[in-house]
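Peer 1: One structure, as structure tokens, below. Some questions next.
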Amino acid sequence: MADWDFRQPPEDWSNILPDTFQSWGDGVNPLLTDWVSHAEVDDPAQWTWDAGDGDGQVSPTLNQPFTIKLANFLDTKSTKLVSIHITYSGGLWPGVPEVKGYDNPPGGAHLNEGAAEFLGPNYLDYSVRIVGNPAFEVIKIDVPSGICVDRIVVDTISCPEPATLSLLALGGLAVLRRRRK
Ligand SMILES: [Ca+2]
Ligand SMILES: [Ca+2]
């Protein structure tokens, strides 16, 4: 689980570390050693940070991609379920995230399929199933100018077989818990 709440202005817009990062189970053998999970933007000059509703937010002055790179750990399960929760404000919606998994060394994108759900005017939830166990995932979110991104939470679950509805339901419960805070 990686959680960007943007509580402080990013020190390095090309390496924005999550406020919280937690792994469970096999999370001891990283498949990559050259970087850790982080977010980055192409053009830092287009981004600003402000306090927002108190816990910080980021916003682009032009339409810009916001890219998350998540490193995976060694595991033998065949499927990954990636859930992306975006809290934002502004008149438009962020683009539905594009998610691709890559081998190390890069061997091309893994198959994935997913669905986005808009859970209200300020909340987007996107779940994607990646077939295979890639070394890392790249999640690209297109953020329109005028949109303030308050928080992004990414949950990644390895599954031995195609994700079941019960796992999706668990993800939904996690979201409800967070929203009640
Ligand atoms: Ca907030
Ligand atoms: Ca925030």
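Just so we're on the same page: first chain in the structure tokens is A, next is B, and so on; residues restart at 1 for each chain, and ligands are numbered from 1 in the order they show up.
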Could I get the residues of chain A with an atom no further than 9 Å from an atom of ligand 1, each paired with its nearest atom pair and that distance in Å to one decimal, using only C-alpha atoms and all ligand atoms, sorted by chain and residue number, as a Markdown table?

Peer 2:
```
| residue | atom | partner | partner_atom_place_in_ligand_line | distance |
| --- | --- | --- | --- | --- |
| A:Asp5 | CA | ligand 1 | 1 (Ca) | 7.4 |
| A:Phe6 | CA | ligand 1 | 1 (Ca) | 8.9 |
| A:Arg7 | CA | ligand 1 | 1 (Ca) | 8.9 |
| A:Ala51 | CA | ligand 1 | 1 (Ca) | 8.7 |
| A:Gly52 | CA | ligand 1 | 1 (Ca) | 6.8 |
| A:Asp53 | CA | ligand 1 | 1 (Ca) | 5.2 |
| A:Gly54 | CA | ligand 1 | 1 (Ca) | 6.3 |
| A:Asp55 | CA | ligand 1 | 1 (Ca) | 5.0 |
| A:Gly56 | CA | ligand 1 | 1 (Ca) | 6.5 |
| A:Gln57 | CA | ligand 1 | 1 (Ca) | 7.2 |
| A:Thr87 | CA | ligand 1 | 1 (Ca) | 7.7 |
| A:Tyr88 | CA | ligand 1 | 1 (Ca) | 8.3 |
| A:Val149 | CA | ligand 1 | 1 (Ca) | 8.8 |
| A:Asp150 | CA | ligand 1 | 1 (Ca) | 5.2 |
| A:Arg151 | CA | ligand 1 | 1 (Ca) | 6.8 |
```

Peer 1: Could you pull out the helix (DSSP H, G or I) residues of chain A, going by DSSP on the backbone, and write them as an MDAnalysis selection string?

Peer 2: chainID A and resid 44:46 165:180

Peer 1: Could you write those residues out with N, CA and C atoms, as a compact mmCIF listing (two decimals), in the first residue's frame?

Peer 2:
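Output file again08.txt follows:
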```txt
# COMPACT_ATOMS: atom_id res chain seq x y z
N PRO A 44 8.26 19.74 -13.56
CA PRO A 44 7.98 20.30 -12.23
C PRO A 44 7.54 21.76 -12.27
N ALA A 45 7.98 22.53 -13.30
CA ALA A 45 7.62 23.95 -13.36
C ALA A 45 6.11 24.13 -13.50
N GLN A 46 5.40 23.08 -13.95
CA GLN A 46 3.95 23.20 -14.15
C GLN A 46 3.15 22.84 -12.90
N LEU A 165 -14.28 -11.61 -6.69
CA LEU A 165 -15.12 -10.51 -6.21
C LEU A 165 -14.85 -10.21 -4.74
N SER A 166 -14.49 -11.24 -3.98
CA SER A 166 -14.27 -10.99 -2.55
C SER A 166 -13.08 -10.06 -2.34
N LEU A 167 -12.05 -10.18 -3.20
CA LEU A 167 -10.92 -9.27 -3.06
C LEU A 167 -11.33 -7.85 -3.41
N LEU A 168 -12.14 -7.73 -4.45
CA LEU A 168 -12.62 -6.40 -4.81
C LEU A 168 -13.45 -5.81 -3.68
N ALA A 169 -14.25 -6.67 -3.04
CA ALA A 169 -15.07 -6.19 -1.93
C ALA A 169 -14.18 -5.74 -0.77
N LEU A 170 -13.09 -6.49 -0.53
CA LEU A 170 -12.16 -6.07 0.53
C LEU A 170 -11.60 -4.69 0.23
N GLY A 171 -11.25 -4.47 -1.03
CA GLY A 171 -10.75 -3.15 -1.42
C GLY A 171 -11.77 -2.08 -1.12
N GLY A 172 -13.02 -2.36 -1.39
CA GLY A 172 -14.08 -1.40 -1.13
C GLY A 172 -14.21 -1.09 0.35
N LEU A 173 -14.06 -2.12 1.19
CA LEU A 173 -14.13 -1.89 2.63
C LEU A 173 -12.98 -0.98 3.09
N ALA A 174 -11.79 -1.23 2.52
CA ALA A 174 -10.65 -0.39 2.89
C ALA A 174 -10.94 1.06 2.55
N VAL A 175 -11.57 1.27 1.40
CA VAL A 175 -11.90 2.63 0.98
C VAL A 175 -12.88 3.26 1.98
N LEU A 176 -13.88 2.49 2.37
CA LEU A 176 -14.87 3.03 3.31
C LEU A 176 -14.21 3.42 4.63
N ARG A 177 -13.28 2.56 5.07
CA ARG A 177 -12.59 2.89 6.33
C ARG A 177 -11.84 4.21 6.21
N ARG A 178 -11.18 4.36 5.07
CA ARG A 178 -10.39 5.58 4.90
C ARG A 178 -11.30 6.81 4.84
N ARG A 179 -12.44 6.67 4.18
CA ARG A 179 -13.29 7.84 3.99
C ARG A 179 -13.93 8.27 5.29
N ARG A 180 -14.05 7.33 6.22
CA ARG A 180 -14.68 7.69 7.50
C ARG A 180 -13.73 8.50 8.38
```

Peer 1: Which polymer residues have any atom within 9 Å of an atom of Phe21 of chain A, counting only C-alpha atoms, with same-chain residues fewer than 6 positions away left out, as a list in words?

Peer 2: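 Selected residues are Met1, Ala2, Asp3, Trp4 and Ser37 of chain A.
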
Peer 1: Would you save the residues of that selection, restricted to N, CA and C atoms, as a PDB file, in the first residue's frame?

Peer 2:
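What ended up in part_29.pdb:
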```
ATOM      1  N   MET A   1       0.855  -1.187   0.000  1.00  0.00           N
ATOM      2  CA  MET A   1       0.000   0.000   0.000  1.00  0.00           C
ATOM      3  C   MET A   1       0.891   1.237   0.000  1.00  0.00           C
ATOM      4  N   ALA A   2       0.652   2.111  -0.931  1.00  0.00           N
ATOM      5  CA  ALA A   2       1.413   3.361  -1.017  1.00  0.00           C
ATOM      6  C   ALA A   2       0.421   4.515  -0.982  1.00  0.00           C
ATOM      7  N   ASP A   3       0.709   5.508  -0.153  1.00  0.00           N
ATOM      8  CA  ASP A   3      -0.246   6.589   0.109  1.00  0.00           C
ATOM      9  C   ASP A   3       0.464   7.938  -0.033  1.00  0.00           C
ATOM     10  N   TRP A   4       0.059   8.686  -1.058  1.00  0.00           N
ATOM     11  CA  TRP A   4       0.559  10.054  -1.220  1.00  0.00           C
ATOM     12  C   TRP A   4      -0.538  11.010  -0.762  1.00  0.00           C
ATOM     13  N   SER A  37       9.667   2.674  -4.760  1.00  0.00           N
ATOM     14  CA  SER A  37       8.373   3.160  -5.232  1.00  0.00           C
ATOM     15  C   SER A  37       8.261   4.668  -5.005  1.00  0.00           C
TER      16      SER A  37
END
```

Peer 1: List as a VMD selection string the protein and nucleic acid residues near Ile147 of chain A, meaning an atom at most 9 Å away when only C-alpha atoms are counted, but skip any in the same chain fewer than 6 places from it.

Peer 2: chain A and resid 58 to 61 88 to 94

Peer 1: Write out as a list in words which residues come within 8 Å of segment 111-126 of chain A when counting only C-alpha atoms, dropping same-chain ones fewer than 4 positions away.

Peer 2: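 Once the adjacent positions are removed, what remains is Ser83, Ile84, His85, Ile86, Thr87, Tyr88, Ser89, Gly90, Trp93, Val96, Pro97, Val99, Lys100, Gly101, Ile130, Val131 and Gly132 of chain A.
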
Peer 1: Next, write the just-selected residues to a file, as a PDB file, in the first residue's frame, keeping N, CA and C atoms as the atom set.

Peer 2:
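This went into again.pdb:
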```
ATOM      1  N   SER A  83      -5.439  -1.402  -7.101  1.00  0.00           N
ATOM      2  CA  SER A  83      -6.544  -0.464  -6.894  1.00  0.00           C
ATOM      3  C   SER A  83      -5.970   0.921  -6.637  1.00  0.00           C
ATOM      4  N   ILE A  84      -6.519   1.892  -7.338  1.00  0.00           N
ATOM      5  CA  ILE A  84      -6.024   3.264  -7.257  1.00  0.00           C
ATOM      6  C   ILE A  84      -7.178   4.148  -6.821  1.00  0.00           C
ATOM      7  N   HIS A  85      -6.987   4.851  -5.716  1.00  0.00           N
ATOM      8  CA  HIS A  85      -8.027   5.717  -5.163  1.00  0.00           C
ATOM      9  C   HIS A  85      -7.519   7.157  -5.222  1.00  0.00           C
ATOM     10  N   ILE A  86      -8.244   8.015  -5.895  1.00  0.00           N
ATOM     11  CA  ILE A  86      -7.795   9.407  -6.059  1.00  0.00           C
ATOM     12  C   ILE A  86      -8.837  10.338  -5.449  1.00  0.00           C
ATOM     13  N   THR A  87      -8.406  11.181  -4.518  1.00  0.00           N
ATOM     14  CA  THR A  87      -9.261  12.221  -3.962  1.00  0.00           C
ATOM     15  C   THR A  87      -8.802  13.552  -4.547  1.00  0.00           C
ATOM     16  N   TYR A  88      -9.733  14.339  -5.069  1.00  0.00           N
ATOM     17  CA  TYR A  88      -9.334  15.544  -5.797  1.00  0.00           C
ATOM     18  C   TYR A  88     -10.456  16.576  -5.709  1.00  0.00           C
ATOM     19  N   SER A  89     -10.178  17.776  -6.166  1.00  0.00           N
ATOM     20  CA  SER A  89     -11.223  18.790  -6.282  1.00  0.00           C
ATOM     21  C   SER A  89     -10.997  19.556  -7.573  1.00  0.00           C
ATOM     22  N   GLY A  90     -12.042  20.223  -8.014  1.00  0.00           N
ATOM     23  CA  GLY A  90     -11.975  20.949  -9.276  1.00  0.00           C
ATOM     24  C   GLY A  90     -13.105  20.525 -10.175  1.00  0.00           C
ATOM     25  N   TRP A  93     -12.663  15.774 -14.097  1.00  0.00           N
ATOM     26  CA  TRP A  93     -12.151  14.545 -13.506  1.00  0.00           C
ATOM     27  C   TRP A  93     -10.721  14.310 -13.989  1.00  0.00           C
ATOM     28  N   VAL A  96      -8.720   8.582 -16.329  1.00  0.00           N
ATOM     29  CA  VAL A  96      -8.650   7.222 -15.782  1.00  0.00           C
ATOM     30  C   VAL A  96      -7.205   6.744 -15.895  1.00  0.00           C
ATOM     31  N   PRO A  97      -6.644   6.234 -14.813  1.00  0.00           N
ATOM     32  CA  PRO A  97      -5.231   5.847 -14.841  1.00  0.00           C
ATOM     33  C   PRO A  97      -4.934   4.794 -15.908  1.00  0.00           C
ATOM     34  N   VAL A  99      -2.368   1.751 -16.563  1.00  0.00           N
ATOM     35  CA  VAL A  99      -1.522   0.900 -15.731  1.00  0.00           C
ATOM     36  C   VAL A  99      -0.824  -0.129 -16.612  1.00  0.00           C
ATOM     37  N   LYS A 100       0.497  -0.198 -16.505  1.00  0.00           N
ATOM     38  CA  LYS A 100       1.247  -1.220 -17.241  1.00  0.00           C
ATOM     39  C   LYS A 100       2.274  -1.853 -16.312  1.00  0.00           C
ATOM     40  N   GLY A 101       2.458  -3.148 -16.456  1.00  0.00           N
ATOM     41  CA  GLY A 101       3.487  -3.845 -15.690  1.00  0.00           C
ATOM     42  C   GLY A 101       4.676  -4.142 -16.579  1.00  0.00           C
ATOM     43  N   ILE A 130      -3.648  -7.281 -13.362  1.00  0.00           N
ATOM     44  CA  ILE A 130      -2.489  -7.503 -14.231  1.00  0.00           C
ATOM     45  C   ILE A 130      -2.187  -8.993 -14.238  1.00  0.00           C
ATOM     46  N   VAL A 131      -2.153  -9.562 -15.434  1.00  0.00           N
ATOM     47  CA  VAL A 131      -1.820 -10.981 -15.557  1.00  0.00           C
ATOM     48  C   VAL A 131      -0.309 -11.101 -15.677  1.00  0.00           C
ATOM     49  N   GLY A 132       0.293 -11.839 -14.764  1.00  0.00           N
ATOM     50  CA  GLY A 132       1.739 -11.956 -14.690  1.00  0.00           C
ATOM     51  C   GLY A 132       2.234 -11.309 -13.414  1.00  0.00           C
TER      52      GLY A 132
END
```

Peer 1: Using only C-alpha atoms, which protein or nucleic acid residues come within 12 Å of Tyr102 of chain A? Drop anything in the same chain fewer than 2 positions from it, and give the result as a ChimeraX atom specification.

Peer 2: /A:31-32,69-72,99-100,104-112,130-139

Peer 1: Can those selected residues be exported to a file as an mmCIF file, in the first residue's frame so that it contains C-alpha atoms?

Peer 2:
```cif
data_model
loop_
_atom_site.group_PDB
_atom_site.id
_atom_site.type_symbol
_atom_site.label_atom_id
_atom_site.label_comp_id
_atom_site.auth_asym_id
_atom_site.auth_seq_id
_atom_site.Cartn_x
_atom_site.Cartn_y
_atom_site.Cartn_z
ATOM 1 C CA LEU A 31 12.764 -7.401 -7.888
ATOM 2 C CA LEU A 32 14.348 -3.987 -8.511
ATOM 3 C CA LYS A 69 6.206 3.790 -10.306
ATOM 4 C CA LEU A 70 5.660 0.872 -7.960
ATOM 5 C CA ALA A 71 8.378 -1.719 -7.445
ATOM 6 C CA ASN A 72 7.272 -5.280 -6.754
ATOM 7 C CA VAL A 99 -1.522 0.900 -15.731
ATOM 8 C CA LYS A 100 1.247 -1.220 -17.241
ATOM 9 C CA ASN A 104 13.228 -6.310 -15.282
ATOM 10 C CA PRO A 105 14.961 -6.006 -17.665
ATOM 11 C CA PRO A 106 12.015 -4.504 -19.543
ATOM 12 C CA GLY A 107 10.245 -7.160 -21.526
ATOM 13 C CA GLY A 108 7.117 -5.279 -22.488
ATOM 14 C CA ALA A 109 3.806 -4.514 -20.916
ATOM 15 C CA HIS A 110 1.786 -7.200 -19.185
ATOM 16 C CA LEU A 111 -1.818 -7.818 -20.018
ATOM 17 C CA ASN A 112 -4.228 -5.906 -17.876
ATOM 18 C CA ILE A 130 -2.489 -7.503 -14.231
ATOM 19 C CA VAL A 131 -1.820 -10.981 -15.557
ATOM 20 C CA GLY A 132 1.739 -11.956 -14.690
ATOM 21 C CA ASN A 133 4.113 -10.878 -11.943
ATOM 22 C CA PRO A 134 5.968 -7.863 -13.325
ATOM 23 C CA ALA A 135 8.982 -6.322 -11.593
ATOM 24 C CA PHE A 136 7.232 -2.983 -11.463
ATOM 25 C CA GLU A 137 4.064 -1.158 -12.463
ATOM 26 C CA VAL A 138 3.777 2.265 -14.028
ATOM 27 C CA ILE A 139 0.533 4.101 -13.310
#
```

Peer 1: Rounded to one decimal place, report the atom CA of Trp13 of chain A-atom CA of Val41 of chain A distance in Å.

Peer 2: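 Going from atom CA of Trp13 of chain A over to atom CA of Val41 of chain A covers 6.1 Å.
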
Peer 1: Work out how far apart atom CA of Asp50 of chain A and atom CA of Ser145 of chain A are and give it in Å to one decimal.

Peer 2: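 It comes out at 14.7 Å.
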
Peer 1: For ligand 2, which residue out of A:Ile68, A:Val143, A:Val36, A:Cys148 is the nearest one, using only C-alpha atoms and all ligand atoms?

Peer 2: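 With only C-alpha atoms and all ligand atoms as the atom set, the closest residue is A:Cys148.
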
Peer 1: Grab the atom CA of Glu98 of chain A to atom CA of Ile141 of chain A distance for me, in Å with one decimal place.

Peer 2: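 Atom CA of Ile141 of chain A lies at a distance of 6.5 Å from atom CA of Glu98 of chain A.
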
Peer 1: Which residue, A:Trp49, A:Asn15, A:Leu81, A:Cys159, has the smallest gap to ligand 2 when you use only C-alpha atoms and all ligand atoms?

Peer 2: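 Nearest to ligand 2: A:Trp49.
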
Peer 1: Pick out each residue of segment 84-163 of chain A that DSSP on the backbone tags as strand (DSSP E or B); I need them as number ranges by chain.

Peer 2: A: 84-89, 98-102, 109, 111-118, 123-131, 136-143, 148-159

Peer 1: Selected residues, N, CA and C atoms, written as a short mmCIF file (atom, residue, chain, number, x, y, z; two decimals), in the first residue's frame, please.

Peer 2:
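Contents of the output file selection06.cif:
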```cif
data_model
loop_
_atom_site.label_atom_id
_atom_site.label_comp_id
_atom_site.auth_asym_id
_atom_site.auth_seq_id
_atom_site.Cartn_x
_atom_site.Cartn_y
_atom_site.Cartn_z
N ILE A 84 -6.52 1.89 -7.34
CA ILE A 84 -6.02 3.26 -7.26
C ILE A 84 -7.18 4.15 -6.82
N HIS A 85 -6.99 4.85 -5.72
CA HIS A 85 -8.03 5.72 -5.16
C HIS A 85 -7.52 7.16 -5.22
N ILE A 86 -8.24 8.01 -5.89
CA ILE A 86 -7.79 9.41 -6.06
C ILE A 86 -8.84 10.34 -5.45
N THR A 87 -8.41 11.18 -4.52
CA THR A 87 -9.26 12.22 -3.96
C THR A 87 -8.80 13.55 -4.55
N TYR A 88 -9.73 14.34 -5.07
CA TYR A 88 -9.33 15.54 -5.80
C TYR A 88 -10.46 16.58 -5.71
N SER A 89 -10.18 17.78 -6.17
CA SER A 89 -11.22 18.79 -6.28
C SER A 89 -11.00 19.56 -7.57
N GLU A 98 -3.74 4.91 -16.48
CA GLU A 98 -3.22 3.88 -17.38
C GLU A 98 -2.21 3.07 -16.58
N VAL A 99 -2.37 1.75 -16.56
CA VAL A 99 -1.52 0.90 -15.73
C VAL A 99 -0.82 -0.13 -16.61
N LYS A 100 0.50 -0.20 -16.51
CA LYS A 100 1.25 -1.22 -17.24
C LYS A 100 2.27 -1.85 -16.31
N GLY A 101 2.46 -3.15 -16.46
CA GLY A 101 3.49 -3.84 -15.69
C GLY A 101 4.68 -4.14 -16.58
N TYR A 102 5.88 -4.06 -16.01
CA TYR A 102 7.11 -4.28 -16.79
C TYR A 102 8.01 -5.29 -16.09
N ALA A 109 4.92 -4.69 -21.84
CA ALA A 109 3.81 -4.51 -20.92
C ALA A 109 3.08 -5.83 -20.70
N LEU A 111 -0.40 -7.98 -19.73
CA LEU A 111 -1.82 -7.82 -20.02
C LEU A 111 -2.52 -7.26 -18.79
N ASN A 112 -3.42 -6.34 -19.01
CA ASN A 112 -4.23 -5.91 -17.88
C ASN A 112 -5.61 -5.49 -18.36
N GLU A 113 -6.51 -5.47 -17.42
CA GLU A 113 -7.86 -5.03 -17.70
C GLU A 113 -8.38 -4.38 -16.43
N GLY A 114 -9.23 -3.40 -16.57
CA GLY A 114 -9.69 -2.74 -15.36
C GLY A 114 -10.94 -1.93 -15.61
N ALA A 115 -11.45 -1.37 -14.55
CA ALA A 115 -12.65 -0.55 -14.64
C ALA A 115 -12.55 0.60 -13.66
N ALA A 116 -13.03 1.75 -14.08
CA ALA A 116 -13.02 2.93 -13.21
C ALA A 116 -14.42 3.19 -12.70
N GLU A 117 -14.46 3.69 -11.50
CA GLU A 117 -15.74 4.03 -10.90
C GLU A 117 -15.61 5.41 -10.28
N PHE A 118 -16.52 6.30 -10.64
CA PHE A 118 -16.53 7.62 -10.04
C PHE A 118 -17.48 7.58 -8.86
N TYR A 123 -14.00 11.96 -6.09
CA TYR A 123 -13.41 10.69 -5.71
C TYR A 123 -13.48 9.71 -6.87
N LEU A 124 -12.32 9.17 -7.23
CA LEU A 124 -12.23 8.21 -8.33
C LEU A 124 -11.56 6.94 -7.82
N ASP A 125 -12.15 5.81 -8.15
CA ASP A 125 -11.59 4.52 -7.77
C ASP A 125 -11.38 3.71 -9.03
N TYR A 126 -10.20 3.16 -9.18
CA TYR A 126 -9.90 2.39 -10.39
C TYR A 126 -9.22 1.10 -10.00
N SER A 127 -9.74 -0.01 -10.48
CA SER A 127 -9.15 -1.31 -10.18
C SER A 127 -8.75 -1.99 -11.48
N VAL A 128 -7.55 -2.55 -11.48
CA VAL A 128 -7.05 -3.21 -12.68
C VAL A 128 -6.40 -4.53 -12.27
N ARG A 129 -6.58 -5.52 -13.11
CA ARG A 129 -5.99 -6.83 -12.87
C ARG A 129 -4.85 -7.00 -13.86
N ILE A 130 -3.65 -7.28 -13.36
CA ILE A 130 -2.49 -7.50 -14.23
C ILE A 130 -2.19 -8.99 -14.24
N VAL A 131 -2.15 -9.56 -15.43
CA VAL A 131 -1.82 -10.98 -15.56
C VAL A 131 -0.31 -11.10 -15.68
N PHE A 136 7.79 -4.25 -11.93
CA PHE A 136 7.23 -2.98 -11.46
C PHE A 136 6.04 -2.58 -12.32
N GLU A 137 5.19 -1.72 -11.75
CA GLU A 137 4.06 -1.16 -12.46
C GLU A 137 4.27 0.33 -12.65
N VAL A 138 3.80 0.83 -13.78
CA VAL A 138 3.78 2.27 -14.03
C VAL A 138 2.32 2.68 -14.17
N ILE A 139 1.91 3.61 -13.32
CA ILE A 139 0.53 4.10 -13.31
C ILE A 139 0.57 5.56 -13.74
N LYS A 140 -0.08 5.86 -14.84
CA LYS A 140 -0.07 7.24 -15.34
C LYS A 140 -1.47 7.82 -15.24
N ILE A 141 -1.56 8.97 -14.57
CA ILE A 141 -2.84 9.65 -14.38
C ILE A 141 -2.75 11.01 -15.07
N ASP A 142 -3.66 11.30 -15.99
CA ASP A 142 -3.66 12.61 -16.64
C ASP A 142 -4.46 13.58 -15.78
N VAL A 143 -3.79 14.64 -15.35
CA VAL A 143 -4.44 15.61 -14.45
C VAL A 143 -4.68 16.91 -15.23
N CYS A 148 -7.06 19.87 -8.34
CA CYS A 148 -6.15 19.71 -7.21
C CYS A 148 -6.23 18.27 -6.73
N VAL A 149 -5.08 17.62 -6.69
CA VAL A 149 -5.02 16.23 -6.23
C VAL A 149 -4.67 16.23 -4.75
N ASP A 150 -5.63 15.79 -3.94
CA ASP A 150 -5.50 15.81 -2.48
C ASP A 150 -4.78 14.57 -1.97
N ARG A 151 -5.08 13.43 -2.60
CA ARG A 151 -4.50 12.19 -2.08
C ARG A 151 -4.62 11.08 -3.13
N ILE A 152 -3.60 10.24 -3.20
CA ILE A 152 -3.64 9.06 -4.06
C ILE A 152 -3.19 7.86 -3.22
N VAL A 153 -4.02 6.84 -3.18
CA VAL A 153 -3.66 5.61 -2.46
C VAL A 153 -3.68 4.47 -3.47
N VAL A 154 -2.61 3.69 -3.50
CA VAL A 154 -2.55 2.52 -4.39
C VAL A 154 -2.39 1.27 -3.54
N ASP A 155 -3.31 0.34 -3.72
CA ASP A 155 -3.23 -0.97 -3.07
C ASP A 155 -2.87 -2.00 -4.13
N THR A 156 -1.88 -2.81 -3.85
CA THR A 156 -1.49 -3.89 -4.76
C THR A 156 -1.58 -5.21 -4.02
N ILE A 157 -2.34 -6.14 -4.58
CA ILE A 157 -2.51 -7.45 -3.95
C ILE A 157 -2.12 -8.52 -4.96
N SER A 158 -1.24 -9.42 -4.55
CA SER A 158 -0.90 -10.56 -5.40
C SER A 158 -1.88 -11.68 -5.15
N CYS A 159 -2.33 -12.30 -6.24
CA CYS A 159 -3.33 -13.36 -6.13
C CYS A 159 -2.82 -14.59 -6.87
#
```
